[in-house]
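The data block below is input24.csv; it holds CSV, C-alpha atoms and all ligand atoms.
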chain,number,residue,atom,x,y,z
A,193,MET,CA,-22.0,4.5,-16.6
A,194,GLY,CA,-20.7,7.9,-17.5
A,195,GLU,CA,-23.6,9.8,-16.1
A,196,LEU,CA,-23.5,7.9,-12.8
A,197,GLU,CA,-19.9,8.9,-12.1
A,198,GLY,CA,-19.3,11.9,-9.8
A,199,LYS,CA,-17.5,12.8,-6.7
A,200,VAL,CA,-19.5,13.5,-3.5
A,201,ALA,CA,-18.7,17.2,-3.8
A,202,VAL,CA,-20.5,17.5,-7.1
A,203,ILE,CA,-23.2,14.8,-7.2
A,204,THR,CA,-26.5,16.3,-8.1
A,205,GLY,CA,-30.0,15.2,-6.9
A,206,GLU,CA,-30.8,14.1,-10.5
A,207,GLN,CA,-27.7,11.9,-10.7
A,208,PHE,CA,-28.5,10.4,-7.4
A,209,ASP,CA,-32.1,9.7,-8.3
A,210,ARG,CA,-31.1,8.2,-11.7
A,211,ALA,CA,-28.6,5.8,-10.1
A,212,PHE,CA,-30.8,4.6,-7.3
A,213,ARG,CA,-33.9,4.4,-9.5
A,214,LEU,CA,-32.1,2.1,-11.8
A,215,ASN,CA,-29.9,0.0,-9.5
A,216,ALA,CA,-31.9,0.0,-6.2
A,217,ARG,CA,-35.5,0.9,-6.9
A,218,GLY,CA,-35.4,-1.1,-10.2
A,219,ILE,CA,-34.2,-4.3,-8.4
A,220,LEU,CA,-36.6,-4.0,-5.5
A,221,PHE,CA,-39.8,-3.5,-7.5
A,222,THR,CA,-38.7,-6.1,-10.2
A,223,VAL,CA,-38.4,-8.7,-7.4
A,224,GLN,CA,-41.7,-7.5,-5.9
A,225,LYS,CA,-43.5,-7.9,-9.2
A,226,ALA,CA,-41.8,-11.3,-9.9
A,227,LEU,CA,-42.5,-12.8,-6.5
A,228,PRO,CA,-46.0,-14.2,-7.5
A,229,LEU,CA,-44.4,-15.8,-10.5
A,230,ILE,CA,-41.5,-17.5,-8.6
A,231,ASN,CA,-42.1,-21.1,-7.5
A,232,ASP,CA,-41.8,-22.0,-3.9
A,233,GLY,CA,-38.3,-23.3,-3.4
A,234,GLY,CA,-37.1,-20.9,-6.2
A,235,SER,CA,-34.0,-18.8,-6.3
A,236,ILE,CA,-33.5,-15.1,-6.8
A,237,LEU,CA,-30.2,-13.9,-8.0
A,238,MET,CA,-29.4,-10.2,-8.1
A,239,THR,CA,-26.5,-8.8,-10.1
A,240,GLY,CA,-24.3,-6.6,-8.1
A,241,SER,CA,-20.9,-5.1,-9.0
A,242,ASN,CA,-17.5,-5.4,-7.5
A,243,ALA,CA,-17.5,-1.5,-7.6
A,244,SER,CA,-19.4,-1.8,-4.3
A,245,LEU,CA,-16.5,-3.7,-2.7
A,246,GLY,CA,-13.9,-1.2,-3.9
A,247,ALA,CA,-13.0,2.4,-3.1
A,248,PHE,CA,-13.0,4.1,-6.5
A,249,PRO,CA,-13.2,7.9,-6.4
A,250,GLY,CA,-16.1,9.2,-8.4
A,251,TRP,CA,-18.0,5.9,-8.2
A,252,SER,CA,-20.1,6.5,-5.0
A,253,LEU,CA,-23.5,6.5,-6.8
A,254,TYR,CA,-22.9,3.3,-8.7
A,255,ALA,CA,-21.1,1.5,-5.8
A,256,GLY,CA,-23.7,2.7,-3.3
A,257,SER,CA,-26.7,1.8,-5.4
A,258,LYS,CA,-25.4,-1.7,-6.0
A,259,ALA,CA,-24.3,-2.2,-2.4
A,260,VAL,CA,-27.9,-2.3,-1.2
A,261,GLN,CA,-28.3,-5.8,-2.7
A,262,GLN,CA,-26.2,-7.4,0.0
A,263,SER,CA,-28.5,-6.1,2.7
A,264,TRP,CA,-31.7,-7.0,0.8
A,265,ALA,CA,-30.5,-10.5,0.2
A,266,ARG,CA,-30.1,-11.0,4.0
A,267,VAL,CA,-33.5,-9.4,4.8
A,268,TRP,CA,-35.4,-11.1,2.0
A,269,LEU,CA,-34.1,-14.6,2.7
A,270,ASN,CA,-35.9,-14.2,6.1
A,271,GLU,CA,-39.0,-12.6,4.6
A,272,LEU,CA,-39.3,-15.4,2.0
A,273,ARG,CA,-38.4,-18.2,4.4
A,274,ASP,CA,-41.8,-19.7,4.4
A,275,ARG,CA,-41.7,-20.1,0.6
A,276,ARG,CA,-38.2,-21.5,0.7
A,277,ILE,CA,-37.1,-18.9,-1.8
A,278,ARG,CA,-33.3,-18.3,-1.6
A,279,VAL,CA,-31.8,-14.9,-2.4
A,280,ASN,CA,-28.2,-14.5,-3.5
A,281,VAL,CA,-26.0,-11.8,-5.1
A,282,LEU,CA,-23.6,-12.4,-8.0
A,283,THR,CA,-21.0,-9.7,-8.0
A,284,PRO,CA,-19.0,-9.6,-11.2
A,285,ALA,CA,-16.2,-7.3,-12.4
A,286,ARG,CA,-16.4,-5.7,-15.8
A,287,SER,CA,-16.9,-8.1,-18.7
A,288,PRO,CA,-16.5,-6.0,-21.8
A,289,PRO,CA,-16.7,-7.0,-25.4
A,290,PRO,CA,-13.8,-8.9,-26.9
A,291,SER,CA,-12.2,-5.8,-28.4
A,292,ARG,CA,-11.7,-4.3,-25.0
A,293,ARG,CA,-11.0,-7.4,-22.9
A,294,ASN,CA,-7.2,-7.1,-22.7
A,295,CYS,CA,-6.2,-5.0,-19.7
A,296,SER,CA,-4.4,-2.5,-21.9
A,297,THR,CA,-4.5,1.0,-23.1
A,298,ARG,CA,-3.3,2.5,-26.3
A,299,ARG,CA,0.0,3.3,-24.6
A,300,ARG,CA,0.4,0.2,-22.5
A,301,LYS,CA,0.7,-3.5,-23.6
A,302,PRO,CA,-1.7,-6.0,-22.0
A,303,ARG,CA,-0.4,-7.0,-18.6
A,304,SER,CA,-1.4,-8.3,-15.3
A,305,SER,CA,-2.1,-5.7,-12.5
A,306,PRO,CA,-3.9,-5.7,-9.2
A,307,SER,CA,-7.1,-4.6,-10.9
A,308,CYS,CA,-6.6,-7.2,-13.6
A,309,PRO,CA,-4.7,-10.1,-12.1
A,310,ARG,CA,-4.8,-12.5,-15.1
A,311,GLY,CA,-4.2,-9.7,-17.7
A,312,GLN,CA,-7.6,-10.2,-19.2
A,313,MET,CA,-11.0,-9.2,-18.0
A,314,GLY,CA,-13.9,-11.6,-17.6
A,315,ARG,CA,-15.9,-13.1,-20.5
A,316,PRO,CA,-19.7,-13.0,-20.3
A,317,GLU,CA,-19.9,-16.8,-20.5
A,318,GLU,CA,-17.6,-17.0,-17.4
A,319,ILE,CA,-20.1,-14.9,-15.4
A,320,ALA,CA,-23.0,-16.9,-16.9
A,321,SER,CA,-21.5,-20.2,-15.8
A,322,VAL,CA,-21.1,-18.9,-12.2
A,323,ALA,CA,-24.7,-17.7,-12.2
A,324,LEU,CA,-25.9,-21.3,-13.0
A,325,PHE,CA,-24.8,-22.4,-9.5
A,326,PRO,CA,-27.0,-20.1,-7.3
A,327,ALA,CA,-29.8,-20.5,-9.8
A,328,SER,CA,-29.8,-24.3,-9.7
A,329,ASP,CA,-30.8,-26.8,-7.0
A,330,HIS,CA,-27.1,-27.6,-6.6
A,331,SER,CA,-27.0,-24.5,-4.3
A,332,SER,CA,-30.1,-25.5,-2.3
A,333,TYR,CA,-28.1,-24.9,0.9
A,334,VAL,CA,-26.7,-21.5,-0.2
A,335,ASN,CA,-28.6,-18.5,0.9
A,336,GLY,CA,-27.7,-14.8,1.4
A,337,LEU,CA,-24.4,-15.3,-0.4
A,338,GLU,CA,-22.4,-12.6,-2.2
A,339,LEU,CA,-20.7,-14.6,-4.9
A,340,VAL,CA,-17.8,-12.5,-6.2
A,341,ALA,CA,-16.7,-13.5,-9.8
A,342,ASP,CA,-14.1,-10.9,-10.7
A,343,GLY,CA,-10.9,-12.9,-11.5
A,344,GLY,CA,-9.5,-12.1,-8.0
A,345,THR,CA,-9.6,-8.3,-8.7
A,346,THR,CA,-11.1,-7.3,-5.3
A,347,GLN,CA,-8.7,-9.4,-3.3
A,348,SER,CA,-5.6,-8.4,-5.2
A,349,GLU,CA,-6.5,-4.7,-5.1
A,350,LYS,CA,-7.0,-5.1,-1.3
A,351,ARG,CA,-3.5,-6.5,-1.1
A,352,ALA,CA,-2.1,-3.8,-3.5
A,353,HIS,CA,-3.4,-1.1,-1.1
A,354,LEU,CA,-1.4,-2.6,1.7
A,355,MET,CA,1.8,-2.7,-0.4
A,356,SER,CA,4.0,0.3,-1.0
A,357,SER,CA,6.2,1.5,-3.9
A,358,ILE,CA,9.6,2.2,-2.6
A,359,THR,CA,12.7,4.0,-4.1
A,360,ILE,CA,16.0,3.5,-2.3
A,361,ILE,CA,18.6,6.1,-3.0
A,362,GLY,CA,21.9,4.4,-2.2
A,363,THR,CA,23.5,1.1,-3.1
A,364,GLY,CA,25.3,0.2,0.1
A,365,ASN,CA,24.6,-2.2,3.0
A,366,MET,CA,21.4,-0.7,4.3
A,367,ALA,CA,20.1,-0.3,0.7
A,368,ARG,CA,20.6,-4.0,0.2
A,369,THR,CA,19.0,-5.1,3.5
A,370,LEU,CA,16.0,-2.8,3.3
A,371,GLY,CA,15.6,-3.6,-0.4
A,372,ALA,CA,15.6,-7.3,0.3
A,373,LEU,CA,13.0,-7.0,3.1
A,374,ALA,CA,10.9,-4.7,0.9
A,375,VAL,CA,10.9,-7.2,-2.0
A,376,LYS,CA,10.1,-10.0,0.4
A,377,GLY,CA,7.2,-8.0,1.8
A,378,GLY,CA,5.7,-7.7,-1.7
A,379,ASN,CA,6.5,-4.0,-2.2
A,380,THR,CA,7.6,-2.5,-5.5
A,381,VAL,CA,11.2,-1.5,-5.3
A,382,GLU,CA,13.4,0.9,-7.4
A,383,VAL,CA,17.1,1.5,-6.7
A,384,MET,CA,19.0,4.7,-7.5
A,385,GLY,CA,22.7,5.1,-7.1
A,386,ARG,CA,25.3,7.7,-8.1
A,387,ASP,CA,27.0,4.7,-9.7
A,388,GLN,CA,24.5,3.3,-12.2
A,389,ALA,CA,26.4,0.0,-12.5
A,390,LYS,CA,26.2,-0.6,-8.8
A,391,ALA,CA,22.5,0.3,-8.8
A,392,ARG,CA,21.9,-2.3,-11.6
A,393,ARG,CA,23.8,-5.0,-9.7
A,394,LEU,CA,21.8,-4.3,-6.6
A,395,ALA,CA,18.5,-4.4,-8.5
A,396,ASP,CA,19.5,-7.8,-10.0
A,397,LEU,CA,20.5,-9.1,-6.6
A,398,LEU,CA,17.2,-8.0,-5.0
A,399,GLY,CA,15.1,-9.5,-7.8
A,400,GLY,CA,11.3,-9.4,-7.5
A,401,GLY,CA,11.1,-7.0,-10.5
A,402,THR,CA,13.3,-4.4,-8.8
A,403,THR,CA,14.1,-1.6,-11.3
A,404,THR,CA,16.7,1.1,-11.4
A,405,GLY,CA,16.1,4.8,-11.8
A,406,GLU,CA,18.5,7.5,-13.1
A,407,TRP,CA,20.3,9.4,-10.5
A,408,GLY,CA,18.5,12.7,-9.8
A,409,ALA,CA,15.3,11.8,-11.8
A,410,VAL,CA,11.9,11.6,-10.2
A,411,PRO,CA,11.8,8.5,-8.1
A,412,ALA,CA,9.1,5.9,-9.1
A,413,GLY,CA,8.4,5.1,-5.5
A,414,ASP,CA,5.9,7.0,-3.3
A,415,ILE,CA,8.2,6.4,-0.4
A,416,VAL,CA,11.9,7.3,-1.0
A,417,VAL,CA,14.4,5.9,1.5
A,418,ALA,CA,17.7,7.8,1.6
A,419,ALA,CA,20.2,5.0,2.4
A,420,LEU,CA,23.2,7.2,2.3
A,421,LEU,CA,26.1,8.1,4.7
A,422,PHE,CA,24.8,10.9,6.9
A,423,ASP,CA,26.9,13.7,5.4
A,424,GLY,CA,25.6,12.8,1.9
A,425,VAL,CA,21.9,13.0,2.8
A,426,VAL,CA,21.3,16.7,2.8
A,427,PRO,CA,23.4,17.4,-0.3
A,428,VAL,CA,21.8,14.6,-2.3
A,429,VAL,CA,18.2,15.7,-1.3
A,430,ALA,CA,19.2,19.3,-2.4
A,431,GLU,CA,20.6,17.9,-5.6
A,432,TYR,CA,17.3,15.9,-6.3
A,433,GLY,CA,15.3,19.1,-5.6
A,434,ASP,CA,11.9,19.2,-7.2
A,435,ALA,CA,12.2,15.5,-8.2
A,436,LEU,CA,11.3,14.7,-4.6
A,437,ALA,CA,8.2,16.9,-4.6
A,438,GLY,CA,5.2,15.1,-3.1
A,439,LYS,CA,7.2,12.2,-1.9
A,440,VAL,CA,7.5,10.7,1.6
A,441,LEU,CA,11.2,10.9,2.3
A,442,VAL,CA,12.7,8.5,4.9
A,443,ASP,CA,16.0,9.4,6.5
A,444,ILE,CA,17.7,6.5,8.1
A,445,SER,CA,21.1,8.1,8.9
A,446,ASN,CA,23.1,8.1,12.0
A,447,PRO,CA,25.3,11.2,12.2
A,448,PHE,CA,27.8,9.8,14.7
A,449,ASN,CA,30.8,11.8,15.7
A,450,ALA,CA,34.3,10.4,15.3
A,451,THR,CA,34.3,8.7,18.6
A,452,PHE,CA,30.8,7.3,18.3
A,453,ASP,CA,29.7,8.8,21.6
A,454,GLY,CA,27.9,11.8,20.3
A,455,LEU,CA,26.3,13.4,17.2
A,456,ALA,CA,28.3,15.0,14.5
A,457,HIS,CA,26.1,18.1,14.6
A,458,SER,CA,26.3,19.6,18.0
A,459,GLU,CA,23.0,21.5,17.7
A,460,GLU,CA,19.6,20.2,18.8
A,461,THR,CA,18.8,19.3,15.2
A,462,SER,CA,18.9,16.2,13.1
A,463,ILE,CA,19.7,15.1,9.6
A,464,ALA,CA,16.0,14.6,9.1
A,465,GLN,CA,15.2,18.2,10.2
A,466,GLU,CA,18.0,19.6,8.0
A,467,VAL,CA,16.7,17.5,5.1
A,468,ALA,CA,13.2,19.1,5.6
A,469,THR,CA,14.8,22.5,5.1
A,470,VAL,CA,16.3,21.7,1.7
A,471,ALA,CA,13.5,19.4,0.3
A,472,PRO,CA,10.5,20.8,-1.6
A,473,ALA,CA,7.8,22.2,0.6
A,474,ASP,CA,5.5,19.2,-0.1
A,475,THR,CA,8.1,16.5,0.6
A,476,ARG,CA,7.2,14.9,3.9
A,477,VAL,CA,10.2,13.8,5.9
A,478,VAL,CA,10.1,10.8,8.3
A,479,LYS,CA,13.0,9.6,10.4
A,480,ALA,CA,13.0,5.8,10.7
A,481,PHE,CA,15.1,2.6,11.0
A,482,ASN,CA,18.3,4.4,12.3
A,483,THR,CA,18.1,2.8,15.7
A,484,ILE,CA,18.4,-0.8,14.3
A,485,PHE,CA,21.7,-2.5,13.4
A,486,ARG,CA,21.6,-3.9,9.9
A,487,GLY,CA,22.2,-7.5,11.1
A,488,VAL,CA,19.2,-7.3,13.5
A,489,LEU,CA,17.0,-6.0,10.6
A,490,GLU,CA,18.0,-9.0,8.6
A,491,THR,CA,17.3,-11.6,11.3
A,492,GLY,CA,15.2,-10.1,14.1
A,493,ARG,CA,11.8,-8.5,14.6
A,494,PRO,CA,12.8,-5.2,16.1
A,495,ASP,CA,10.6,-2.2,16.8
A,496,VAL,CA,11.0,0.5,14.2
A,497,PHE,CA,10.9,4.0,15.7
A,498,LEU,CA,9.7,6.8,13.5
A,499,ALA,CA,9.3,10.5,13.8
A,500,GLY,CA,7.7,13.0,11.4
A,501,ASP,CA,5.3,16.0,11.2
A,502,ASP,CA,2.9,14.6,8.6
A,503,ALA,CA,0.4,12.0,10.0
A,504,GLN,CA,-0.3,10.5,6.6
A,505,ALA,CA,3.4,10.2,5.7
A,506,LYS,CA,4.0,8.4,9.1
A,507,SER,CA,1.0,6.1,8.4
A,508,ASP,CA,2.4,5.3,4.9
A,509,VAL,CA,5.9,4.5,6.4
A,510,ALA,CA,4.2,2.5,9.2
A,511,ALA,CA,2.4,0.4,6.6
A,512,PHE,CA,5.7,-0.2,4.8
A,513,VAL,CA,7.3,-1.2,8.1
A,514,GLU,CA,4.4,-3.6,8.8
A,515,SER,CA,4.9,-5.1,5.3
A,516,LEU,CA,8.4,-6.0,6.4
A,517,GLY,CA,6.9,-7.9,9.4
A,518,LEU,CA,8.2,-5.3,11.8
A,519,ARG,CA,6.3,-3.1,14.4
A,520,PRO,CA,6.3,0.7,13.8
A,521,ARG,CA,6.5,2.9,16.9
A,522,ASP,CA,5.7,6.5,16.4
A,523,VAL,CA,7.7,8.8,18.7
A,524,GLY,CA,6.2,12.1,17.6
A,525,GLY,CA,7.0,15.0,15.4
A,526,LEU,CA,10.1,15.6,13.3
A,527,ARG,CA,11.8,17.3,16.2
A,528,MET,CA,12.0,13.9,17.8
A,529,ALA,CA,14.4,12.8,15.0
A,530,HIS,CA,17.1,14.5,17.1
A,531,TRP,CA,16.4,12.1,19.9
A,532,LEU,CA,16.2,9.1,17.6
A,533,GLU,CA,19.7,10.0,16.4
A,534,GLY,CA,20.7,10.1,20.1
A,535,MET,CA,19.1,6.7,20.5
A,536,GLY,CA,21.4,5.5,17.7
A,537,VAL,CA,24.3,6.7,19.8
A,538,ILE,CA,22.9,4.9,22.9
A,539,THR,CA,22.6,1.7,20.9
A,540,VAL,CA,26.2,1.8,19.8
A,541,GLY,CA,27.2,2.6,23.5
A,542,LEU,CA,25.3,-0.5,24.6
A,543,ALA,CA,26.9,-2.6,22.0
A,544,GLY,CA,30.3,-1.6,23.2
A,545,ASN,CA,29.6,-1.7,26.9
A,546,GLY,CA,26.5,-3.1,28.7
A,547,VAL,CA,25.2,-5.5,26.1
A,548,GLY,CA,28.6,-6.3,24.6
A,549,HIS,CA,27.5,-7.4,21.1
A,550,TRP,CA,25.5,-6.1,18.1
A,551,ASP,CA,22.7,-8.5,17.9
A,552,PHE,CA,20.0,-6.5,19.8
A,553,ALA,CA,17.7,-3.6,19.4
A,554,LEU,CA,16.1,-1.1,21.7
A,555,GLY,CA,12.3,-1.7,21.8
A,556,VAL,CA,9.2,-1.1,23.7
A,557,ASP,CA,8.0,-3.5,26.4
A,558,ASP,CA,4.4,-2.5,27.1
A,559,PHE,CA,3.2,-3.4,30.7
A,560,ALA,CA,-0.2,-1.8,30.4
A,561,GLY,CA,-3.0,-4.1,31.6
B,1,LIG,N1,24.6,-0.3,8.7
B,1,LIG,C1,23.8,-0.2,9.7
B,1,LIG,O1,23.8,-1.1,10.6
B,1,LIG,C2,22.9,1.0,9.8
B,1,LIG,C3,21.9,0.9,10.7
B,1,LIG,C4,21.0,2.0,10.8
B,1,LIG,C5,21.2,3.1,10.0
B,1,LIG,N2,22.3,3.1,9.2
B,1,LIG,C6,22.5,4.3,8.4
B,1,LIG,O2,22.2,4.0,7.0
B,1,LIG,C7,22.9,4.8,6.1
B,1,LIG,C8,23.6,3.9,5.1
B,1,LIG,O3,24.4,3.0,5.8
B,1,LIG,P1,25.1,1.8,5.1
B,1,LIG,O4,25.5,0.8,6.1
B,1,LIG,O5,24.2,1.3,4.0
B,1,LIG,O6,26.4,2.5,4.4
B,1,LIG,P2,27.2,2.0,3.1
B,1,LIG,O7,27.2,0.6,2.9
B,1,LIG,O8,28.6,2.7,3.3
B,1,LIG,O9,26.5,2.7,1.9
B,1,LIG,C9,26.4,4.1,1.8
B,1,LIG,C10,25.8,4.5,0.5
B,1,LIG,O10,25.8,5.9,0.5
B,1,LIG,C11,26.3,6.4,-0.8
B,1,LIG,N3,26.9,7.7,-0.6
B,1,LIG,C12,27.7,8.0,0.4
B,1,LIG,N4,28.0,9.3,0.4
B,1,LIG,C13,27.3,9.8,-0.7
B,1,LIG,C14,27.2,11.1,-1.3
B,1,LIG,N5,27.8,12.1,-0.9
B,1,LIG,N6,26.4,11.2,-2.4
B,1,LIG,C15,25.8,10.1,-2.9
B,1,LIG,N7,25.9,8.9,-2.4
B,1,LIG,C16,26.6,8.7,-1.3
B,1,LIG,C17,27.3,5.3,-1.2
B,1,LIG,O11,27.5,5.4,-2.6
B,1,LIG,P3,28.7,4.7,-3.3
B,1,LIG,O12,28.5,3.2,-3.1
B,1,LIG,O13,28.6,5.1,-4.7
B,1,LIG,O14,29.9,5.2,-2.6
B,1,LIG,C18,26.5,4.0,-0.8
B,1,LIG,O15,25.6,3.7,-1.7
B,1,LIG,C19,23.9,5.6,7.0
B,1,LIG,O16,23.5,6.9,7.2
B,1,LIG,C20,23.9,4.8,8.3
B,1,LIG,O17,24.2,5.7,9.4
B,1,LIG,C21,23.1,2.1,9.1

Please lay out the structure from this file as structure tokens.
Amino acid sequence: MGELEGKVAVITGEQFDRAFRLNARGILFTVQKALPLINDGGSILMTGSNASLGAFPGWSLYAGSKAVQQSWARVWLNELRDRRIRVNVLTPARSPPPSRRNCSTRRRKPRSSPSCPRGQMGRPEEIASVALFPASDHSSYVNGLELVADGGTTQSEKRAHLMSSITIIGTGNMARTLGALAVKGGNTVEVMGRDQAKARRLADLLGGGTTTGEWGAVPAGDIVVAALLFDGVVPVVAEYGDALAGKVLVDISNPFNATFDGLAHSEETSIAQEVATVAPADTRVVKAFNTIFRGVLETGRPDVFLAGDDAQAKSDVAAFVESLGLRPRDVGGLRMAHWLEGMGVITVGLAGNGVGHWDFALGVDDFAG
């Protein structure tokens, strides 16, 4: 395998030829030579790899040279129709020797993970017993199939890509609500609070494997939600400093003035923009969730408006929002965070006046088409 690895930027012609000679050319001409020996009504079973279904950096030659089998199975089943020869692909995951079968490393105990759902890799005899089916007459009506026998790895990795790892800084009401939704949505959640006992209590309450992190330490989550009162957000982000480097930082705060009819900062700025000035240069700030009352988040399906300058960060937050069963609505760059804060003021104004209660959210009605 080692020689077949390589990223697209560094793959050499020799590496390409070696991989495709072995996995593609080798298969095609083996089948060609074997055809006269195969009985009419026989069965061809090619051995693929679940690498061709994944997205593993450095594996393009191996994945690509195995992926051809799926196309060939479809083409050949038609070419060999007159001889009633069926062509299928068996796609296993790694089935190493017993000494390396636990999904563990020297530093990590065996455990279940998206790439190893049952905590143990496949045994060769498990792959062999799957191969018996397409090889036998019991599968006489099965043709062109890709039979994946990987202990659920491909499916659970697909799901894992959809899930986010979240750290919530804060232990108050919004931390509890967003934390509960995040756990329910299958995300990995960590809680950090300036009061460690509160953080521990919240983590226990949220369940689902929620952990706590030490205040000021590097958050475990890729997405960090600052669920703090607005005047605490900038100082706390400054206090965390480099610990937030590389993170997507979500500001949910509403800097209301004392009479709840304006913003505490009179400038055309926002807490999110101020956060961006004190956070490390590679921390990507996104404003989100601030326009939704907590009770509505708990019971409703409101639109979640978000603003930020980094497209990937917004897409990560949007994926998180979707995992909560909510609809993300991108309003533009981080400058728009100011207007989202204004929208928070409007929402409170509506609650106290035109709407008259708190069980609503501003959203988008799309009349196109
Ligand atoms: N509640 C809503 O309906 C709603 C809706 C949208 C947005 N928001 C926004 O969400 C944020 C959190 O609201 P919430 O309802 O969760 O408030 P909350 O229940 O009062 O919780 C506030 C949290 O912030 C922490 N905190 C406050 N000042 C801090 C500081 N200087 N340093 C460190 N931690 C500090 C508190 O820690 P301690 O517990 O240790 O004091 C607490 O964990 C606010 O900015 C709010 O505007 C709220």

Residues within 9 Å of ligand LIG 1 (chain B), counting only C-alpha atoms and all ligand atoms, as number ranges by chain: A: 361-369, 384-388, 390-391, 418-428, 443-448, 480-489, 536

For Ser235 of chain A, work out the shell of residues within 10 Å, counting only C-alpha atoms and skipping chain neighbours fewer than 3 positions away, then give it as a ChimeraX atom specification. /A:230-232,238,269,276-280,326-329,331-332,334-335

So, counting only C-alpha atoms, which residue among A:Pro411, A:Gly240, A:Pro494, A:Gly546 is closest to Asp342 of chain A? A:Gly240

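Non-sequential neighbours of Ala456 of chain A (distance at most 12 Å, separation of 2 or more positions within a chain, all atoms listed in the file) are A:Phe422, A:Asp423, A:Ser445, A:Asn446, A:Pro447, A:Phe448, A:Asn449, A:Ala450, A:Thr451, A:Phe452, A:Asp453, A:Gly454, A:Ser458, A:Glu459, A:Glu460, A:Thr461, A:Ser462, A:Ile463, A:His530, A:Glu533, A:Gly534, A:Val537.
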
Compare A:Leu373, A:Val523, A:Val429, A:Gly405 by their minimum atom-to-atom distance to Glu466 of chain A, counting only C-alpha atoms, and give me the closest one.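 Under the stated criterion, the closest residue is A:Val429.
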
Out of A:Arg266, A:Arg392, A:Arg476, A:Lys258, which residue has the shortest atom-to-atom distance to Gly218 of chain A when counting only C-alpha atoms?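 Among the listed residues, A:Lys258 lies closest to Gly218 of chain A.
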
One decimal, in Å: what's the spacing between atom CA of Ala503 of chain A and atom CA of Ala560 of chain A?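 These atoms are spaced 24.6 Å apart.
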
Would you mind listing what lies within 9 Å of Asp495 of chain A as a PyMOL selection string, with all atoms listed in the file counted and same-chain residues fewer than 5 positions away left out? chain A and resi 481+484+518-521+553-556

Quick one: residues within 12 Å of Val381 of chain A, only C-alpha atoms, excluding same-chain residues fewer than 2 positions away - as a PyMOL selection string? chain A and resi 355-361+367-368+370-379+383-384+391+394-396+398-405+411-417+512

Report, in Å with one decimal, the straight-line distance from atom CA of Leu237 of chain A to atom CA of Thr222 of chain A. 11.7 Å
